[in-house]
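Quick notes on the structure that follows.
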Amino acid sequence: MSAENSRSTALATFGLISVTAIWGSTFFLIKDLVARMPVADFLAVRFVIAALVMLALFHRHLLRLGRREWLQGIALGAVYGIAQLLQTSGLEHTSASISGFVTGMYVVFTPLLGTVLLRQRLPSITWIAVLLSVGGLGLLALHGFSIGYGVWLTLISAALYGLHIVGLGTWSRPGNVFALSSVQMLVIAIICLLATLPSGPSLPPDHGAWAAVVYMALAAGAGAMLVQTWAQAHLSPTRAAIVMTMEPVFAAGFAVTFGNDALTWRMVVGGALVLAAMYLVELVPRGTAAVQAEGLHHEV
């Protein structure tokens, strides 16, 4: 791999880590916000703001997008939007900790889908990294486990997130980042708006809620989608999924720093396992076909 490609891979990894930090910072904000307004309404307002901003900034890029790329963006946005709604519905029927763990299972679904859909052959060290990530996620999030309606909904959303990661890794190119991100955000906003019918979305109840929604729309919505789409033009889907498991690590860190959570051994060991997985996946031989095929939640 050339020095330029190595720099691009390093920047893409750093970009995805930054995105997971932003996503992690939203958990304690969302916890307060959804107690004061319906979840679907919150998602609709958030993604409509993000879509309008992206359309204002990148509408010229959309005009240059081909029919095939439009269809790809629509498919990716639909998968992501449905995953958001399923994950949110699952949260209404299970605890946040179990939801966080089950959602993080996209780290398993991503290589499985890549193997089935793209016929990728992944090095064994990558599977070891996946297992380490799952173990770390479990320690971070699990405090008892039961299979219920909410868990099944969240598991389906995790599979859809994995499908989105694989699709974005396949279709994202450095030259179509702005347009592809904008199409996805537009479709996500439409799907979330449809979920609020027939009454339509209610607005945030006060200035503090508006500030939180705008932050999540611009930083955790539009900005994160741009960075993720660009990063996945330079990283394989499985590598991206493993990097993105840093999200619950950051969420735990923000909860301890700004919330009321106490630092526990589970956080320390779970975070260490996730970091170990990231370190392992960076040791995958760069000359293998799986790595040279480098291409890409969120949490709600």
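Lettering and numbering for the structure tokens are positional, with chains as A, B, ... in the shown order, residues counted from 1 in each chain, and ligands counted from 1 in the shown order.
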Give the alpha helix (DSSP H) residues of segment 33-258 of chain A, as DSSP finds them on the backbone, and put them as a PyMOL selection string. chain A and resi 33+39-63+67-91+96-103+106-118+124-141+149-171+177-194+207-217+224-231+237-244+246-258
Neighbour list for segment 163-169 of chain A as a list in words, cut-off 7 Å, only C-alpha atoms, skip fewer than 2 positions in-chain: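 Once the adjacent positions are removed, what remains is Leu76, Val79, Tyr80, Thr110, Leu113, Gly114, Ala159, Leu160, Tyr161, Trp171, Ser172, Thr229, Gln232, Ala233, Ser236, Pro237, Gly295 and Leu296 of chain A.
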Taking only residues of segment 169-232 of chain A that have an atom at most 10 Å from an atom of segment 44-48 of chain A, what is each one's shortest atom pair and its distance in Å to one decimal, using only C-alpha atoms, in chain and number order, as a tab-separated table?
```
residue	atom	partner	partner_atom	distance
A:Met185	CA	A:Phe47	CA	6.8
A:Leu186	CA	A:Val48	CA	7.5
A:Val187	CA	A:Phe47	CA	9.3
A:Ile188	CA	A:Phe47	CA	6.8
A:Ala189	CA	A:Phe47	CA	4.8
A:Ile190	CA	A:Val48	CA	7.8
A:Ile191	CA	A:Ala44	CA	8.1
A:Cys192	CA	A:Ala44	CA	4.7
A:Leu193	CA	A:Ala44	CA	5.1
A:Leu194	CA	A:Ala44	CA	8.5
A:Ala195	CA	A:Ala44	CA	8.1
A:Thr196	CA	A:Ala44	CA	7.6
A:Gly200	CA	A:Ala44	CA	9.0
A:Pro201	CA	A:Ala44	CA	6.7
A:Ser202	CA	A:Val45	CA	8.2
A:Leu203	CA	A:Val45	CA	7.1
A:Pro204	CA	A:Val45	CA	8.3
A:Trp210	CA	A:Arg46	CA	9.5
A:Ala212	CA	A:Arg46	CA	9.4
A:Val213	CA	A:Arg46	CA	5.7
A:Val214	CA	A:Arg46	CA	6.8
A:Tyr215	CA	A:Arg46	CA	8.8
A:Met216	CA	A:Arg46	CA	6.7
A:Ala217	CA	A:Arg46	CA	4.8
A:Leu218	CA	A:Arg46	CA	8.4
A:Ala220	CA	A:Arg46	CA	9.6
A:Gly221	CA	A:Phe47	CA	6.9
A:Ala222	CA	A:Phe47	CA	8.2
```
I'd like to know which of A:Leu55, A:Glu247, A:Pro111, A:Leu180 is closest to Trp70 of chain A, using only C-alpha atoms.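 Selected residue with least distance to Trp70 of chain A: A:Leu180.
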Which is closer to Val53 of chain A than all the others in A:Ser89, A:Ser181, A:Thr126, A:Ser8, using only C-alpha atoms?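 Closest residue, counting only C-alpha atoms: A:Ser181.
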Give me, please, the distance in Å between atom CA of Ile128 of chain A and atom CA of Ala12 of chain A, quoted to one decimal.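 These two atoms are separated by 22.1 Å.
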Ser133 of chain A surroundings by only C-alpha atoms, 8 Å radius, close-in-sequence under 3 positions cut, as number ranges by chain: A: 107, 129-130, 136-137, 242, 245, 273-274, 277
Selected residue of minimal separation from Leu63 of chain A among A:Trp127, A:Phe109, A:Phe27, A:Phe178, counting only C-alpha atoms: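 Using only C-alpha atoms, the shortest distance to Leu63 of chain A belongs to A:Phe178.
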Among listed residues A:Val102, A:Val269, A:Leu65, A:Ala224, nearest Ala50 of chain A (using only C-alpha atoms):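 Selected residue with least distance to Ala50 of chain A: A:Ala224.
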Best match for closeness to Gly223 of chain A among A:Met54, A:Leu153, A:Ala241, A:Val34, counting only C-alpha atoms: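 Distance minimum relative to Gly223 of chain A lands on A:Met54.
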